[in-house]
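So this one's start.cif, mmCIF, C-alpha atoms:
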data_data
loop_
_atom_site.label_atom_id
_atom_site.label_comp_id
_atom_site.auth_asym_id
_atom_site.auth_seq_id
_atom_site.Cartn_x
_atom_site.Cartn_y
_atom_site.Cartn_z
CA MET A 1 -57.28 -52.19 -31.13
CA LYS A 2 -54.59 -51.09 -33.57
CA SER A 3 -55.45 -48.62 -36.28
CA ASN A 4 -55.20 -49.78 -39.89
CA GLY A 5 -54.70 -46.29 -41.20
CA ALA A 6 -50.88 -46.32 -41.24
CA THR A 7 -48.99 -48.68 -43.53
CA GLY A 8 -45.59 -49.18 -45.10
CA ASN A 9 -42.96 -46.49 -44.70
CA HIS A 10 -45.51 -44.23 -43.01
CA VAL A 11 -45.62 -46.63 -40.08
CA ASP A 12 -41.84 -46.46 -39.74
CA SER A 13 -41.87 -42.66 -39.65
CA ILE A 14 -44.70 -42.65 -37.10
CA VAL A 15 -42.97 -45.14 -34.81
CA ALA A 16 -39.70 -43.21 -35.00
CA GLU A 17 -41.38 -39.96 -34.04
CA ASN A 18 -40.71 -38.60 -30.55
CA VAL A 19 -43.97 -36.93 -29.48
CA PRO A 20 -43.54 -33.52 -27.77
CA ILE A 21 -45.70 -33.17 -24.66
CA GLY A 22 -46.26 -30.77 -21.80
CA VAL A 23 -46.53 -31.85 -18.17
CA VAL A 24 -48.41 -30.38 -15.23
CA GLY A 25 -47.61 -32.48 -12.18
CA SER A 26 -47.76 -32.48 -8.41
CA ALA A 27 -44.98 -33.83 -6.21
CA SER A 28 -46.68 -37.21 -5.99
CA PHE A 29 -46.98 -37.34 -9.78
CA TRP A 30 -43.25 -36.91 -10.24
CA VAL A 31 -42.56 -39.61 -7.67
CA GLU A 32 -44.90 -42.01 -9.46
CA TYR A 33 -44.30 -41.13 -13.12
CA GLY A 34 -41.00 -39.26 -13.23
CA ASP A 35 -38.72 -42.21 -13.96
CA ALA A 36 -41.12 -43.62 -16.55
CA LEU A 37 -41.18 -40.26 -18.36
CA ALA A 38 -37.39 -40.02 -18.29
CA ARG A 39 -36.97 -43.45 -19.91
CA SER A 40 -39.88 -43.13 -22.36
CA THR A 41 -38.82 -43.66 -25.98
CA GLY A 42 -42.09 -42.40 -27.43
CA LEU A 43 -42.64 -39.15 -25.52
CA ARG A 44 -40.44 -36.07 -25.16
CA VAL A 45 -41.16 -33.55 -22.39
CA ALA A 46 -41.10 -30.23 -24.24
CA ALA A 47 -42.26 -28.02 -21.35
CA ILE A 48 -43.23 -28.22 -17.69
CA ALA A 49 -45.94 -25.98 -16.24
CA ASN A 50 -45.69 -24.72 -12.69
CA PRO A 51 -42.74 -26.98 -11.75
CA ILE A 52 -42.72 -28.09 -8.14
CA VAL A 53 -40.11 -26.73 -5.77
CA GLY A 54 -37.41 -29.31 -5.21
CA LEU A 55 -37.56 -31.01 -8.64
CA LYS A 56 -33.91 -31.98 -8.82
CA LYS A 57 -31.78 -30.44 -11.54
CA ASP A 58 -30.21 -33.75 -12.52
CA PHE A 59 -33.66 -35.21 -13.00
CA VAL A 60 -34.71 -32.24 -15.17
CA ARG A 61 -31.60 -32.90 -17.27
CA ARG A 62 -32.71 -36.50 -17.72
CA LEU A 63 -35.91 -35.09 -19.23
CA GLY A 64 -33.88 -32.98 -21.66
CA SER A 65 -33.94 -29.75 -19.64
CA PRO A 66 -37.38 -28.60 -20.86
CA PRO A 67 -38.38 -24.98 -20.21
CA SER A 68 -40.58 -24.14 -17.22
CA LEU A 69 -43.76 -22.12 -17.65
CA PRO A 70 -45.84 -20.44 -14.93
CA ASP A 71 -49.07 -22.39 -15.48
CA ALA A 72 -50.97 -24.79 -17.73
CA SER A 73 -52.59 -21.96 -19.70
CA ALA A 74 -49.19 -20.56 -20.69
CA LEU A 75 -48.05 -24.04 -21.68
CA ILE A 76 -51.07 -24.54 -23.94
CA ARG A 77 -50.71 -21.08 -25.53
CA THR A 78 -46.99 -20.99 -26.20
CA SER A 79 -45.68 -24.56 -26.52
CA LYS A 80 -45.77 -26.65 -29.68
CA ILE A 81 -46.98 -29.81 -28.01
CA ARG A 82 -49.19 -32.65 -29.19
CA GLY A 83 -50.03 -34.02 -25.75
CA LEU A 84 -50.58 -32.79 -22.21
CA ILE A 85 -50.16 -34.93 -19.11
CA CYS A 86 -52.17 -33.71 -16.15
CA GLY A 87 -50.77 -35.03 -12.90
CA THR A 88 -52.78 -32.71 -10.69
CA PRO A 89 -56.49 -31.80 -10.55
CA MET A 90 -57.16 -29.20 -13.22
CA GLU A 91 -59.96 -26.80 -13.94
CA LEU A 92 -62.51 -27.94 -16.49
CA GLU A 93 -61.90 -24.88 -18.66
CA THR A 94 -58.19 -25.71 -18.95
CA ILE A 95 -58.98 -29.23 -20.15
CA ARG A 96 -61.45 -27.90 -22.71
CA THR A 97 -58.96 -25.31 -23.96
CA ALA A 98 -56.30 -27.97 -24.52
CA LEU A 99 -58.68 -30.32 -26.31
CA ALA A 100 -60.11 -27.53 -28.47
CA ALA A 101 -56.54 -26.61 -29.48
CA GLY A 102 -56.01 -30.15 -30.75
CA ILE A 103 -53.86 -31.19 -27.79
CA ASN A 104 -54.49 -34.71 -26.53
CA VAL A 105 -54.78 -35.01 -22.75
CA LEU A 106 -53.71 -37.82 -20.42
CA PHE A 107 -55.13 -37.50 -16.92
CA VAL A 108 -53.17 -39.46 -14.29
CA SER A 109 -54.69 -37.57 -11.38
CA GLN A 110 -58.29 -37.88 -10.26
CA ILE A 111 -60.72 -36.24 -12.67
CA PRO A 112 -62.90 -33.79 -10.73
CA ALA A 113 -65.91 -33.81 -13.05
CA SER A 114 -69.60 -34.51 -12.77
CA PHE A 115 -71.32 -36.37 -15.59
CA GLU A 116 -72.73 -33.09 -16.91
CA GLU A 117 -69.21 -31.63 -17.05
CA ILE A 118 -67.97 -34.66 -18.96
CA ASP A 119 -70.47 -33.73 -21.67
CA LEU A 120 -68.78 -30.32 -21.93
CA ILE A 121 -65.38 -32.01 -22.23
CA ALA A 122 -66.68 -34.24 -25.02
CA GLU A 123 -67.90 -31.21 -26.96
CA SER A 124 -64.33 -29.87 -27.03
CA ALA A 125 -62.68 -33.09 -28.23
CA HIS A 126 -63.25 -32.83 -31.98
CA ARG A 127 -59.59 -33.02 -33.02
CA SER A 128 -58.14 -34.65 -29.93
CA PHE A 129 -58.88 -37.10 -27.12
CA LEU A 130 -58.83 -37.29 -23.35
CA LEU A 131 -57.41 -40.49 -21.84
CA PRO A 132 -58.01 -41.06 -18.11
CA ALA A 133 -55.38 -43.36 -16.59
CA LEU A 134 -57.74 -45.96 -15.14
CA HIS A 135 -54.99 -48.14 -13.73
CA ARG A 136 -56.98 -51.34 -13.44
CA ARG A 137 -57.70 -51.36 -17.17
CA PHE A 138 -53.96 -51.47 -17.84
CA GLN A 139 -53.29 -54.43 -15.52
CA ASN A 140 -52.96 -57.80 -17.24
CA PRO A 141 -55.36 -59.81 -15.02
CA PHE A 142 -58.25 -57.39 -15.60
CA ARG A 143 -57.55 -57.25 -19.32
CA LEU A 144 -57.55 -61.06 -19.35
CA VAL A 145 -60.99 -61.09 -17.70
CA ARG A 146 -62.30 -58.94 -20.56
CA GLU A 147 -60.90 -61.42 -23.09
CA VAL A 148 -62.38 -64.41 -21.25
CA VAL A 149 -65.80 -62.75 -21.06
CA ALA A 150 -65.67 -61.83 -24.75
CA ASP A 151 -64.54 -65.22 -26.10
CA GLY A 152 -66.93 -67.33 -24.02
CA SER A 153 -64.24 -69.43 -22.32
CA ILE A 154 -66.44 -69.86 -19.24
CA GLY A 155 -69.71 -69.75 -21.12
CA LYS A 156 -72.26 -67.01 -20.85
CA VAL A 157 -71.34 -64.72 -17.95
CA GLU A 158 -74.27 -64.46 -15.55
CA ARG A 159 -72.88 -62.77 -12.44
CA ILE A 160 -69.83 -60.89 -11.21
CA GLU A 161 -69.13 -60.35 -7.53
CA CYS A 162 -66.69 -57.60 -6.55
CA GLN A 163 -65.23 -57.06 -3.09
CA LEU A 164 -63.20 -53.92 -2.45
CA PRO A 165 -61.60 -52.77 0.84
CA VAL A 166 -62.08 -49.05 1.44
CA CYS A 167 -61.16 -46.56 4.16
CA ALA A 168 -64.02 -45.55 6.44
CA ASN A 169 -62.75 -42.11 7.37
CA SER A 170 -64.24 -39.53 5.01
CA PRO A 171 -67.71 -38.39 3.95
CA ASN A 172 -69.68 -40.52 1.53
CA GLY A 173 -72.25 -39.53 -1.06
CA ASN A 174 -74.92 -39.10 1.64
CA GLY A 175 -72.79 -36.68 3.63
CA HIS A 176 -72.24 -38.90 6.69
CA ALA A 177 -68.80 -38.23 8.17
CA SER A 178 -68.42 -41.87 9.18
CA GLY A 179 -68.91 -43.10 5.63
CA PHE A 180 -66.14 -44.43 3.41
CA GLY A 181 -63.80 -42.64 1.03
CA GLY A 182 -66.20 -41.09 -1.42
CA VAL A 183 -67.07 -42.11 -4.98
CA THR A 184 -63.57 -43.04 -6.17
CA ASP A 185 -64.04 -46.64 -5.07
CA HIS A 186 -67.53 -46.83 -6.57
CA ALA A 187 -66.13 -45.79 -9.93
CA ALA A 188 -63.24 -48.27 -9.84
CA THR A 189 -65.31 -51.45 -9.66
CA LEU A 190 -68.23 -50.07 -11.65
CA ASP A 191 -65.95 -49.11 -14.51
CA LEU A 192 -64.45 -52.60 -14.69
CA CYS A 193 -67.84 -54.32 -14.79
CA LEU A 194 -69.17 -51.89 -17.39
CA TRP A 195 -66.02 -52.61 -19.42
CA TRP A 196 -66.57 -56.35 -19.11
CA LEU A 197 -70.37 -56.59 -19.36
CA GLY A 198 -71.55 -53.49 -21.20
CA ASP A 199 -74.17 -50.88 -20.33
CA ALA A 200 -76.18 -50.93 -17.11
CA SER A 201 -79.97 -50.82 -17.19
CA ARG A 202 -80.78 -50.57 -13.46
CA ILE A 203 -78.95 -49.87 -10.19
CA CYS A 204 -79.87 -50.50 -6.57
CA ALA A 205 -77.49 -49.24 -3.87
CA ASP A 206 -77.18 -49.05 -0.10
CA LEU A 207 -74.48 -46.50 0.76
CA GLY A 208 -75.70 -45.47 4.19
CA TRP A 209 -72.79 -46.67 6.26
CA GLU A 210 -73.18 -44.49 9.35
CA ASP A 211 -74.13 -47.56 11.39
CA ALA A 212 -71.51 -49.87 9.92
CA VAL A 213 -69.41 -51.95 12.28
CA ARG A 214 -65.71 -52.61 11.72
CA ASP A 215 -64.94 -55.76 9.70
CA LYS A 216 -68.44 -55.80 8.20
CA HIS A 217 -69.69 -54.60 4.84
CA LEU A 218 -69.82 -50.83 4.48
CA GLY A 219 -72.23 -50.82 1.58
CA SER A 220 -73.19 -52.41 -1.71
CA ILE A 221 -74.27 -51.65 -5.27
CA ILE A 222 -76.21 -54.09 -7.46
CA VAL A 223 -76.11 -53.41 -11.20
CA ASN A 224 -78.28 -55.06 -13.84
CA HIS A 225 -76.54 -55.29 -17.20
CA ALA A 226 -78.13 -56.57 -20.43
CA ASN A 227 -77.61 -60.27 -19.69
CA ALA A 228 -75.90 -60.38 -16.30
CA VAL A 229 -75.68 -58.76 -12.89
CA SER A 230 -72.69 -57.31 -11.05
CA ILE A 231 -72.60 -57.00 -7.26
CA HIS A 232 -70.19 -54.58 -5.59
CA GLN A 233 -69.45 -55.06 -1.88
CA PHE A 234 -67.34 -52.54 0.06
CA THR A 235 -65.55 -53.62 3.25
CA HIS A 236 -63.28 -52.01 5.84
CA CYS A 237 -59.58 -51.84 5.05
CA GLY A 238 -57.41 -53.99 7.26
CA GLY A 239 -57.85 -57.42 8.76
CA PRO A 240 -59.20 -60.35 6.74
CA HIS A 241 -60.95 -58.11 4.19
CA ASN A 242 -57.82 -56.37 2.88
CA VAL A 243 -58.08 -58.12 -0.52
CA GLU A 244 -59.67 -56.82 -3.70
CA ARG A 245 -61.54 -59.74 -5.25
CA TYR A 246 -63.57 -60.38 -8.42
CA VAL A 247 -65.48 -63.61 -9.10
CA ILE A 248 -66.79 -63.94 -12.65
CA GLU A 249 -69.40 -66.72 -12.88
CA GLY A 250 -70.34 -68.18 -16.25
CA SER A 251 -72.56 -71.04 -17.42
CA MET A 252 -69.49 -73.27 -17.90
CA GLY A 253 -67.25 -72.18 -15.05
CA LYS A 254 -65.87 -69.22 -13.15
CA LEU A 255 -62.78 -67.04 -13.03
CA GLU A 256 -61.48 -65.40 -9.86
CA VAL A 257 -59.03 -62.50 -9.63
CA ALA A 258 -57.65 -61.34 -6.28
CA GLN A 259 -55.01 -58.78 -5.38
CA THR A 260 -53.81 -57.24 -2.15
CA SER A 261 -55.06 -53.73 -1.49
CA SER A 262 -51.53 -52.36 -2.02
CA GLY A 263 -52.25 -52.74 -5.73
CA ARG A 264 -55.01 -50.17 -5.63
CA SER A 265 -52.46 -47.40 -6.02
CA GLY A 266 -51.85 -48.71 -9.52
CA GLY A 267 -48.31 -49.97 -8.90
CA ASP A 268 -46.96 -53.48 -9.21
CA CYS A 269 -48.72 -55.90 -6.87
CA PRO A 270 -49.31 -59.64 -6.46
CA PHE A 271 -52.28 -61.16 -8.25
CA ARG A 272 -53.93 -64.54 -7.91
CA LEU A 273 -55.85 -65.82 -10.93
CA THR A 274 -57.93 -68.98 -10.56
CA LEU A 275 -60.03 -70.77 -13.19
CA THR A 276 -62.71 -73.30 -12.22
CA GLU A 277 -64.38 -75.14 -15.10
CA ARG A 278 -67.58 -77.06 -14.45
CA GLY A 279 -66.82 -80.61 -13.35
CA ARG A 280 -63.08 -79.94 -12.90
CA ALA A 281 -60.86 -78.87 -10.01
CA SER A 282 -59.76 -75.24 -9.71
CA ARG A 283 -56.51 -74.33 -11.43
CA ASP A 284 -54.19 -71.47 -10.51
CA PHE A 285 -53.07 -69.58 -13.60
CA SER A 286 -51.26 -66.75 -11.81
CA GLY A 287 -47.91 -67.84 -13.22
CA TRP A 288 -49.27 -67.70 -16.77
CA LEU A 289 -49.63 -63.93 -16.73
CA PRO A 290 -46.90 -62.37 -18.88
CA ASN A 291 -44.34 -60.15 -17.23
CA ALA A 292 -45.48 -56.64 -18.01
CA PRO A 293 -43.79 -53.24 -17.75
CA SER A 294 -44.83 -51.03 -14.87
CA ILE A 295 -48.30 -49.52 -15.02
CA GLN A 296 -46.70 -46.13 -15.58
CA ASP A 297 -44.64 -47.33 -18.56
CA THR A 298 -47.68 -49.08 -20.03
CA ILE A 299 -49.90 -46.00 -19.74
CA LEU A 300 -47.28 -43.65 -21.23
CA ASP A 301 -46.59 -46.04 -24.12
CA HIS A 302 -50.32 -46.28 -24.82
CA PHE A 303 -50.69 -42.48 -24.75
CA SER A 304 -47.80 -42.15 -27.20
CA ASP A 305 -49.25 -44.77 -29.56
CA CYS A 306 -52.66 -43.08 -29.49
CA ILE A 307 -51.22 -39.65 -30.34
CA ARG A 308 -49.29 -41.17 -33.26
CA GLY A 309 -52.40 -42.91 -34.54
CA ILE A 310 -51.21 -46.50 -34.22
CA ASP A 311 -53.58 -47.34 -31.36
CA ARG A 312 -56.93 -46.18 -30.07
CA PRO A 313 -57.55 -44.88 -26.53
CA MET A 314 -58.41 -47.73 -24.19
CA VAL A 315 -60.82 -45.43 -22.35
CA THR A 316 -63.11 -42.95 -24.11
CA ILE A 317 -64.94 -39.87 -22.90
CA GLN A 318 -68.20 -41.70 -23.54
CA GLU A 319 -67.12 -44.49 -21.18
CA MET A 320 -66.24 -41.88 -18.58
CA ARG A 321 -69.74 -40.49 -18.95
CA ARG A 322 -71.27 -43.95 -18.57
CA THR A 323 -69.35 -44.68 -15.38
CA ALA A 324 -70.10 -41.23 -13.94
CA GLU A 325 -73.79 -41.72 -14.57
CA CYS A 326 -73.76 -45.10 -12.81
CA VAL A 327 -72.05 -43.56 -9.78
CA ALA A 328 -74.65 -40.80 -9.70
CA ALA A 329 -77.44 -43.39 -10.01
CA ALA A 330 -75.97 -45.36 -7.09
CA GLN A 331 -75.94 -42.24 -4.91
CA LEU A 332 -79.50 -41.43 -5.92
CA SER A 333 -80.66 -45.00 -5.28
CA SER A 334 -79.18 -44.99 -1.79
CA ARG A 335 -80.65 -41.60 -0.96
CA GLU A 336 -84.15 -42.38 -2.27
CA HIS A 337 -84.14 -46.06 -1.16
CA THR A 338 -85.29 -47.23 -4.58
CA LYS A 339 -84.05 -48.83 -7.78
CA ILE A 340 -82.87 -46.40 -10.46
CA SER A 341 -83.22 -47.04 -14.19
CA LEU A 342 -80.60 -45.89 -16.68
CA PRO A 343 -79.97 -43.66 -18.48
CA LEU A 344 -80.77 -41.01 -15.90
CA SER A 345 -83.29 -38.39 -16.81
CA ARG A 346 -82.42 -34.74 -16.39
CA CYS A 347 -85.02 -34.45 -13.63
CA ALA A 348 -82.81 -36.68 -11.47
CA THR A 349 -80.03 -34.11 -11.36
CA PRO A 350 -81.44 -31.89 -8.54
CA TYR A 351 -81.31 -34.84 -6.14
CA LEU A 352 -77.53 -34.98 -6.35
CA PRO A 353 -75.23 -32.76 -4.24
CA ALA A 354 -74.25 -29.77 -6.34
CA ALA A 355 -70.64 -29.89 -5.17
CA GLN A 356 -70.20 -33.65 -5.67
CA ARG A 357 -67.37 -34.57 -8.04
CA LEU A 358 -66.73 -37.99 -9.49
CA SER A 359 -63.10 -39.04 -9.17
CA LEU A 360 -62.81 -41.57 -11.95
CA THR A 361 -59.15 -42.59 -11.99
CA ARG A 362 -57.35 -45.35 -10.09
#
So, in terms of structure tokens, how does the structure I just supplied come out?
Amino acid sequence: MKSNGATGNHVDSIVAENVPIGVVGSASFWVEYGDALARSTGLRVAAIANPIVGLKKDFVRRLGSPPSLPDASALIRTSKIRGLICGTPMELETIRTALAAGINVLFVSQIPASFEEIDLIAESAHRSFLLPALHRRFQNPFRLVREVVADGSIGKVERIECQLPVCANSPNGNGHASGFGGVTDHAATLDLCLWWLGDASRICADLGWEDAVRDKHLGSIIVNHANAVSIHQFTHCGGPHNVERYVIEGSMGKLEVAQTSSGRSGGDCPFRLTLTERGRASRDFSGWLPNAPSIQDTILDHFSDCIRGIDRPMVTIQEMRRTAECVAAAQLSSREHTKISLPLSRCATPYLPAAQRLSLTR
């Protein structure tokens, strides 16, 4: 939603402003976001912290030859920046220091924070904001689903089914080595459904995949929202299940979004969008989706607009907290073999692994 606070000539001066930012990025960050940063018309890289070895000189020149600083703390202390892009996991204290200093933070790496730690981040964000780059929220098909749900095009939404292929090669929330790739995938689908349907009131999960067989479901989470239910099924990567799929069922029809798993990295990927209205044949609207810039360009433009006050962050710290709590409730439900009501009480915290971190991006 655009802010109404800037009008007239003030808007022109805001739009013309080139926002100075600092960047802390890993090698993979520069591969994914480097070109988008170099061509950005709204952001100017004023300093780079802890630059990676091998960052080519000609590429640094494309960024305007910003100075290099030894670490993020030095960047925050000495640089006159209005934004900080974190392209590598960062300590909680560093994030809080930046936010407390009035520096807005864009996180394009995974956010290693529990839901208690998110509360600490929120306490520091009085004059600034933290924007996690949840890639799916910036993709046109998923944004269209939100609009369809909100405007009632398919009637009252009653049920959403999500199918997500995941890799069964790393420990899950229960500590079984044969489980799937941790809580990142939980958060991805849960965040979308919370974004579409609103707060969750109850969660029931089965995440004990040690006995799972290839090409069968690895686990599931059932979420009760105020007036609907969302069902999250996790399957093995590869084979016939290598498609991420969402079926939104309403009282007057349903909408289906499907993408190949290659899109889960947040890059450009093929989508299929199908609308089925009650009493009518299904129609494929994939070609109706507008051609959009890359996800990286879209996220950077949004970050720039938010810093300049002409847009509001698409994701808030409070929404991060809500998603983190749902992931924790799913882990607790699976461990205790029971339904969990939300919000979680503080007495639920000891049941969760102390070292567990909720990776909320992607």
Please expand the PyMOL selection byres ((chain A and resi 44) around 8) into the concrete residues it hits in this file, giving the result as a list of chain:residue names. A:Asn18, A:Val19, A:Pro20, A:Ile21, A:Ser40, A:Thr41, A:Gly42, A:Leu43, A:Val45, A:Ala46, A:Leu63
Put those residues in a file: C-alpha atoms, as a compact mmCIF listing (two decimals), in the coordinates of the input.
# COMPACT_ATOMS: atom_id res chain seq x y z
CA ASN A 18 -40.71 -38.60 -30.55
CA VAL A 19 -43.97 -36.93 -29.48
CA PRO A 20 -43.54 -33.52 -27.77
CA ILE A 21 -45.70 -33.17 -24.66
CA SER A 40 -39.88 -43.13 -22.36
CA THR A 41 -38.82 -43.66 -25.98
CA GLY A 42 -42.09 -42.40 -27.43
CA LEU A 43 -42.64 -39.15 -25.52
CA VAL A 45 -41.16 -33.55 -22.39
CA ALA A 46 -41.10 -30.23 -24.24
CA LEU A 63 -35.91 -35.09 -19.23
Non-local contacts of A:Pro343 (9 Å; only C-alpha atoms; under 3 positions in same chain excluded) as a list in words |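 Final neighbour list, sorted by chain and number: Ala200, Ser201, Arg202, Arg322, Glu325, Cys326, Ala329 and Ile340 of chain A.
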Using only C-alpha atoms, the best pick from A:Ala188, A:Ile76, A:Tyr33, A:Arg146 as closest to A:Leu134 would be A:Ala188
Contact residues around A:Leu99 with all atoms listed in the file at 12 Å, ignoring same-chain residues under 3 positions, as an mmCIF file with C-alpha atoms, in the coordinates of the input:
data_model
loop_
_atom_site.group_PDB
_atom_site.id
_atom_site.type_symbol
_atom_site.label_atom_id
_atom_site.label_comp_id
_atom_site.auth_asym_id
_atom_site.auth_seq_id
_atom_site.Cartn_x
_atom_site.Cartn_y
_atom_site.Cartn_z
ATOM 1 C CA ILE A 76 -51.070 -24.540 -23.940
ATOM 2 C CA ILE A 81 -46.980 -29.810 -28.010
ATOM 3 C CA ARG A 82 -49.190 -32.650 -29.190
ATOM 4 C CA GLY A 83 -50.030 -34.020 -25.750
ATOM 5 C CA LEU A 84 -50.580 -32.790 -22.210
ATOM 6 C CA LEU A 92 -62.510 -27.940 -16.490
ATOM 7 C CA GLU A 93 -61.900 -24.880 -18.660
ATOM 8 C CA THR A 94 -58.190 -25.710 -18.950
ATOM 9 C CA ILE A 95 -58.980 -29.230 -20.150
ATOM 10 C CA ARG A 96 -61.450 -27.900 -22.710
ATOM 11 C CA GLY A 102 -56.010 -30.150 -30.750
ATOM 12 C CA ILE A 103 -53.860 -31.190 -27.790
ATOM 13 C CA ASN A 104 -54.490 -34.710 -26.530
ATOM 14 C CA VAL A 105 -54.780 -35.010 -22.750
ATOM 15 C CA LEU A 106 -53.710 -37.820 -20.420
ATOM 16 C CA LEU A 120 -68.780 -30.320 -21.930
ATOM 17 C CA ILE A 121 -65.380 -32.010 -22.230
ATOM 18 C CA ALA A 122 -66.680 -34.240 -25.020
ATOM 19 C CA GLU A 123 -67.900 -31.210 -26.960
ATOM 20 C CA SER A 124 -64.330 -29.870 -27.030
ATOM 21 C CA ALA A 125 -62.680 -33.090 -28.230
ATOM 22 C CA HIS A 126 -63.250 -32.830 -31.980
ATOM 23 C CA ARG A 127 -59.590 -33.020 -33.020
ATOM 24 C CA SER A 128 -58.140 -34.650 -29.930
ATOM 25 C CA PHE A 129 -58.880 -37.100 -27.120
ATOM 26 C CA LEU A 130 -58.830 -37.290 -23.350
ATOM 27 C CA LEU A 131 -57.410 -40.490 -21.840
ATOM 28 C CA ILE A 317 -64.940 -39.870 -22.900
#
- [ ] Give as a PyMOL selection string the residues that the PyMOL selection byres ((chain A and resi 301) around 12) matches when applied to the coordinates above.
- [x] chain A and resi 15+18-19+36-37+39-44+106+133+138+293-300+302-308+310-314
*asked:* At a cut-off of 12 Å, using only C-alpha atoms, what residues contact stretch 280-286 of chain A? Leave out same-chain residues fewer than 3 positions from it and give the result as JSON, numbers by chain.
replied: {"A": [140, 141, 144, 252, 253, 254, 255, 256, 257, 258, 259, 270, 271, 272, 273, 274, 275, 276, 277, 289, 290, 291]}
Please evaluate the PyMOL selection byres ((chain A and resi 160) around 12) against the structure above and give the resulting residues as a PyMOL selection string.
-> chain A and resi 145+149+156-159+161-163+189-190+192-194+196-197+221-225+227-233+245-250+254-257
Exercise for review: Kindly extract all protein, DNA and RNA residues lying within 12 Å of the coordinates (-39.0, -24.5, -15.9) given in the file, considering all atoms listed in the file, and supply them as a VMD selection string.
Suggested key: chain A and resid 22 to 24 45 to 57 60 to 61 63 to 71 74 to 75
